[in-house]
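The file my_file24.tsv comes next; it holds TSV, C-alpha atoms.
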```tsv
chain	number	residue	atom	x	y	z
S	271	MET	CA	121.63	110.17	105.82
S	272	ALA	CA	118.85	107.59	105.95
S	273	MET	CA	116.87	107.11	109.14
S	274	ARG	CA	117.42	103.80	110.92
S	275	SER	CA	114.20	102.00	111.65
S	276	HIS	CA	113.33	99.18	114.01
S	277	TYR	CA	110.77	96.83	112.47
S	278	TYR	CA	108.86	94.40	114.68
S	279	LEU	CA	107.51	91.47	112.68
S	280	SER	CA	105.81	88.20	113.48
S	281	ILE	CA	105.41	84.91	111.68
S	282	ALA	CA	102.54	82.71	112.77
S	283	ASP	CA	103.89	79.41	111.36
S	284	LEU	CA	107.56	79.23	110.45
S	285	SER	CA	107.15	75.78	108.88
S	286	HIS	CA	105.04	77.36	106.13
S	287	ALA	CA	107.14	80.52	105.74
S	288	ARG	CA	108.50	80.01	102.26
S	289	GLY	CA	108.80	82.34	99.32
S	290	PRO	CA	107.06	81.67	96.00
S	291	VAL	CA	110.29	80.78	94.13
S	292	PRO	CA	112.05	77.78	95.71
S	293	ALA	CA	115.49	78.88	94.47
S	294	LEU	CA	115.14	82.15	96.41
S	295	SER	CA	113.11	80.92	99.36
S	296	TYR	CA	114.15	80.54	102.99
S	297	ASP	CA	114.83	76.88	103.71
S	298	GLY	CA	115.95	76.87	107.34
S	299	ALA	CA	114.40	75.19	110.31
S	300	GLY	CA	114.29	77.69	113.14
S	301	PRO	CA	114.33	81.29	114.26
S	302	ASP	CA	118.13	81.56	114.19
S	303	ASP	CA	118.24	80.31	110.59
S	304	LEU	CA	115.53	82.79	109.63
S	305	ALA	CA	117.33	85.70	111.29
S	306	ALA	CA	120.57	84.80	109.49
S	307	ALA	CA	118.82	84.53	106.10
S	308	VAL	CA	117.02	87.86	106.47
S	309	GLN	CA	120.14	89.59	107.76
S	310	GLU	CA	122.17	88.34	104.79
S	311	ALA	CA	119.40	89.41	102.38
S	312	LEU	CA	119.59	92.95	103.78
S	313	ARG	CA	123.35	93.20	104.15
S	314	THR	CA	124.43	91.76	100.77
S	315	PRO	CA	123.12	92.01	97.20
S	316	SER	CA	123.12	88.22	96.72
S	317	LEU	CA	119.36	87.55	97.00
S	318	PHE	CA	118.50	90.63	94.94
S	319	GLU	CA	120.98	89.68	92.20
S	320	ARG	CA	119.63	86.11	91.98
S	321	TRP	CA	116.08	87.47	91.76
S	322	ARG	CA	117.06	90.08	89.17
S	323	ALA	CA	118.74	87.43	86.99
S	324	MET	CA	115.40	85.55	86.86
S	325	GLN	CA	113.48	88.53	85.47
S	326	ASP	CA	112.58	88.73	81.77
S	327	GLU	CA	114.53	91.98	81.39
S	328	PRO	CA	117.12	92.03	84.21
S	329	ASP	CA	118.72	95.23	82.94
S	330	GLU	CA	115.40	97.05	83.28
S	331	VAL	CA	114.99	96.25	86.99
S	332	ASP	CA	115.18	99.40	89.12
S	333	PRO	CA	118.70	99.31	90.60
S	334	THR	CA	117.53	101.04	93.78
S	335	LEU	CA	115.78	97.77	94.73
S	336	GLY	CA	119.27	96.32	95.18
S	337	ALA	CA	120.24	98.66	98.00
S	338	THR	CA	121.90	97.02	100.98
S	339	ASP	CA	122.64	97.91	104.59
S	340	PRO	CA	125.87	96.26	105.82
S	341	ALA	CA	124.93	97.27	109.38
S	342	ALA	CA	121.44	95.68	109.37
S	343	THR	CA	120.74	93.45	112.35
S	344	VAL	CA	118.07	90.78	112.68
S	345	SER	CA	117.11	88.57	115.58
S	346	ALA	CA	114.23	86.12	115.90
S	347	HIS	CA	112.79	84.15	118.78
S	348	VAL	CA	109.77	82.03	119.65
S	349	HIS	CA	107.04	83.84	121.55
S	350	ASP	CA	103.58	82.37	122.26
S	351	LEU	CA	103.81	79.82	119.42
S	352	ARG	CA	104.85	82.44	116.85
S	353	ILE	CA	108.19	83.81	115.75
S	354	ASP	CA	108.93	87.43	116.63
S	355	VAL	CA	111.52	89.15	114.47
S	356	ASP	CA	113.37	92.34	115.40
S	357	LEU	CA	114.98	94.02	112.43
S	358	VAL	CA	117.02	97.23	112.50
S	359	THR	CA	118.06	98.82	109.21
S	360	ASP	CA	118.24	102.05	107.28
S	361	LEU	CA	116.61	100.43	104.24
S	362	PRO	CA	113.10	101.63	103.42
S	363	MET	CA	110.10	99.38	104.03
S	364	SER	CA	109.65	98.81	100.29
S	365	ILE	CA	113.03	97.03	100.11
S	366	VAL	CA	112.53	95.16	103.39
S	367	ARG	CA	109.11	94.00	102.14
S	368	HIS	CA	110.55	92.84	98.80
S	369	ARG	CA	113.31	90.78	100.44
S	370	LEU	CA	110.95	89.26	103.03
S	371	ASN	CA	108.46	88.33	100.30
S	372	LEU	CA	111.21	86.62	98.30
S	373	LEU	CA	112.36	84.67	101.36
S	374	ILE	CA	109.12	83.83	103.18
S	375	GLY	CA	106.24	84.97	100.97
S	376	SER	CA	103.31	86.58	102.73
S	377	SER	CA	103.83	84.62	105.96
S	378	TRP	CA	104.96	87.66	107.92
S	379	GLN	CA	103.12	90.53	109.57
S	380	LEU	CA	104.48	93.97	110.46
S	381	ARG	CA	103.48	94.57	114.08
S	382	ASP	CA	105.21	97.90	114.66
S	383	MET	CA	107.89	100.20	113.31
S	384	ARG	CA	109.83	102.83	115.24
S	385	LYS	CA	112.83	105.04	114.83
S	386	ALA	CA	115.90	103.05	115.90
```

Translate the structure described by the file into structure tokens.
Amino acid sequence: MAMRSHYYLSIADLSHARGPVPALSYDGAGPDDLAAAVQEALRTPSLFERWRAMQDEPDEVDPTLGATDPAATVSAHVHDLRIDVDLVTDLPMSIVRHRLNLLIGSSWQLRDMRKA
């Protein structure tokens, strides 16, 4: 059984938090929209499948990158002019990082990670 982890992230400027591919990028306007987009990206294979379809050799993409966690939870709120994100999942950081980078690029920072 995978270990559940609690990731604490921050985003300095949500208005610039966009991924490099517009078709895959987060396009919401606030913390609640962001939390919903990240939660869906972790719970369902939709974002991964759209990204995989864009690759030169989709069948050669490592299928383990498509792992999901139907029980993942994400919340986000404004704190001191930044957005703090609390994310709880059993997915490894490599998958969380990949999904966040697709959605919001490098606009996020991991502040802490603990066993959930």

Of S:Leu380, S:Ala342, S:Met273, S:Met324, the one nearest to Val355 (chain S) when counting all atoms listed in the file is S:Leu380

Would you be able to write out as a VMD selection string which residues have an atom within 8 Å of (104.6, 87.2, 109.0) in the file's coordinates, counting all atoms listed in the file? chain S and resid 279 to 282 287 376 to 380

Using only C-alpha atoms, which of the listed residues (S:Leu372, S:Val291, S:Leu284, S:Ile365) sits closest to Pro333 (chain S)? S:Ile365

Show me, as a PyMOL selection string, the residues that have an atom within 10 Å of Gly375 (chain S) when counting only C-alpha atoms, minus same-chain residues fewer than 2 positions from it. chain S and resi 286-291+295-296+367-373+377-378

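Between Val358 (chain S) and the candidates S:Ala293, S:Val344, S:Ala337, S:Ala307, the tightest atom-to-atom separation, counting all atoms listed in the file, involves S:Val344.
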
Applying 7 Å and all atoms listed in the file, which residues near Pro301 (chain S) remain after dropping the ones on its own chain fewer than 6 positions away? List them as a PDB file with C-alpha atoms, keeping the file's coordinate frame.
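Below is the file that was written, out.pdb:
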```pdb
ATOM      1  CA  ALA S 346     114.230  86.120 115.900  1.00  0.00           C
ATOM      2  CA  HIS S 347     112.790  84.150 118.780  1.00  0.00           C
ATOM      3  CA  ILE S 353     108.190  83.810 115.750  1.00  0.00           C
TER       4      ILE S 353
END
```

Which residue of S:Asp283, S:Ile374, S:Arg384, S:Asp326 approaches Asp297 (chain S) most closely, using all atoms listed in the file: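 Smallest distance to Asp297 (chain S) is found for S:Ile374.
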
Taking all atoms listed in the file into account, name the residue in S:Ala272, S:Val331, S:Glu319, S:Leu304 that is nearest to Asp356 (chain S).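 Of S:Ala272, S:Val331, S:Glu319, S:Leu304, the one nearest Asp356 (chain S) is S:Leu304, counting all atoms listed in the file.
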
Nearest candidate to Ala305 (chain S) (options S:Asp360, S:Asp354, S:Asp329, S:Asp339; using only C-alpha atoms):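 Going through S:Asp360, S:Asp354, S:Asp329, S:Asp339 one by one, the smallest distance to Ala305 (chain S) is for S:Asp354.
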
Generate the missing atoms of region 297-322 of chain S up to N, CA and C atoms and report them as a CSV table (one decimal), in the coordinates of the input.
```csv
chain,number,residue,atom,x,y,z
S,297,ASP,N,115.0,78.3,103.6
S,297,ASP,CA,114.8,76.9,103.7
S,297,ASP,C,115.4,76.4,105.0
S,298,GLY,N,115.4,77.2,106.0
S,298,GLY,CA,116.0,76.9,107.3
S,298,GLY,C,114.9,76.2,108.2
S,299,ALA,N,115.3,75.9,109.4
S,299,ALA,CA,114.4,75.2,110.3
S,299,ALA,C,114.0,75.9,111.6
S,300,GLY,N,114.6,77.0,111.9
S,300,GLY,CA,114.3,77.7,113.1
S,300,GLY,C,114.5,79.2,113.1
S,301,PRO,N,114.2,79.8,114.2
S,301,PRO,CA,114.3,81.3,114.3
S,301,PRO,C,115.7,81.8,114.0
S,302,ASP,N,116.8,81.1,114.4
S,302,ASP,CA,118.1,81.6,114.2
S,302,ASP,C,118.5,81.5,112.7
S,303,ASP,N,118.0,80.4,112.0
S,303,ASP,CA,118.2,80.3,110.6
S,303,ASP,C,117.5,81.4,109.9
S,304,LEU,N,116.3,81.7,110.3
S,304,LEU,CA,115.5,82.8,109.6
S,304,LEU,C,116.2,84.1,109.8
S,305,ALA,N,116.7,84.4,111.0
S,305,ALA,CA,117.3,85.7,111.3
S,305,ALA,C,118.6,85.8,110.4
S,306,ALA,N,119.4,84.8,110.3
S,306,ALA,CA,120.6,84.8,109.5
S,306,ALA,C,120.2,85.0,108.0
S,307,ALA,N,119.2,84.4,107.5
S,307,ALA,CA,118.8,84.5,106.1
S,307,ALA,C,118.3,85.9,105.8
S,308,VAL,N,117.5,86.5,106.7
S,308,VAL,CA,117.0,87.9,106.5
S,308,VAL,C,118.2,88.9,106.6
S,309,GLN,N,119.0,88.7,107.6
S,309,GLN,CA,120.1,89.6,107.8
S,309,GLN,C,121.0,89.6,106.5
S,310,GLU,N,121.3,88.4,106.0
S,310,GLU,CA,122.2,88.3,104.8
S,310,GLU,C,121.5,89.0,103.6
S,311,ALA,N,120.2,88.8,103.5
S,311,ALA,CA,119.4,89.4,102.4
S,311,ALA,C,119.4,90.9,102.4
S,312,LEU,N,119.5,91.5,103.6
S,312,LEU,CA,119.6,93.0,103.8
S,312,LEU,C,121.0,93.5,103.7
S,313,ARG,N,122.0,92.7,104.1
S,313,ARG,CA,123.4,93.2,104.2
S,313,ARG,C,124.1,93.0,102.8
S,314,THR,N,123.7,92.0,102.0
S,314,THR,CA,124.4,91.8,100.8
S,314,THR,C,123.5,91.8,99.6
S,315,PRO,N,124.0,92.0,98.4
S,315,PRO,CA,123.1,92.0,97.2
S,315,PRO,C,122.8,90.6,96.6
S,316,SER,N,123.2,89.6,97.3
S,316,SER,CA,123.1,88.2,96.7
S,316,SER,C,121.7,87.8,96.3
S,317,LEU,N,120.7,87.9,97.3
S,317,LEU,CA,119.4,87.6,97.0
S,317,LEU,C,118.8,88.4,95.9
S,318,PHE,N,119.0,89.7,96.0
S,318,PHE,CA,118.5,90.6,94.9
S,318,PHE,C,119.1,90.3,93.6
S,319,GLU,N,120.4,90.0,93.5
S,319,GLU,CA,121.0,89.7,92.2
S,319,GLU,C,120.4,88.4,91.6
S,320,ARG,N,120.2,87.4,92.5
S,320,ARG,CA,119.6,86.1,92.0
S,320,ARG,C,118.2,86.3,91.5
S,321,TRP,N,117.4,87.1,92.2
S,321,TRP,CA,116.1,87.5,91.8
S,321,TRP,C,116.1,88.2,90.4
S,322,ARG,N,117.0,89.2,90.4
S,322,ARG,CA,117.1,90.1,89.2
S,322,ARG,C,117.4,89.2,87.9
```
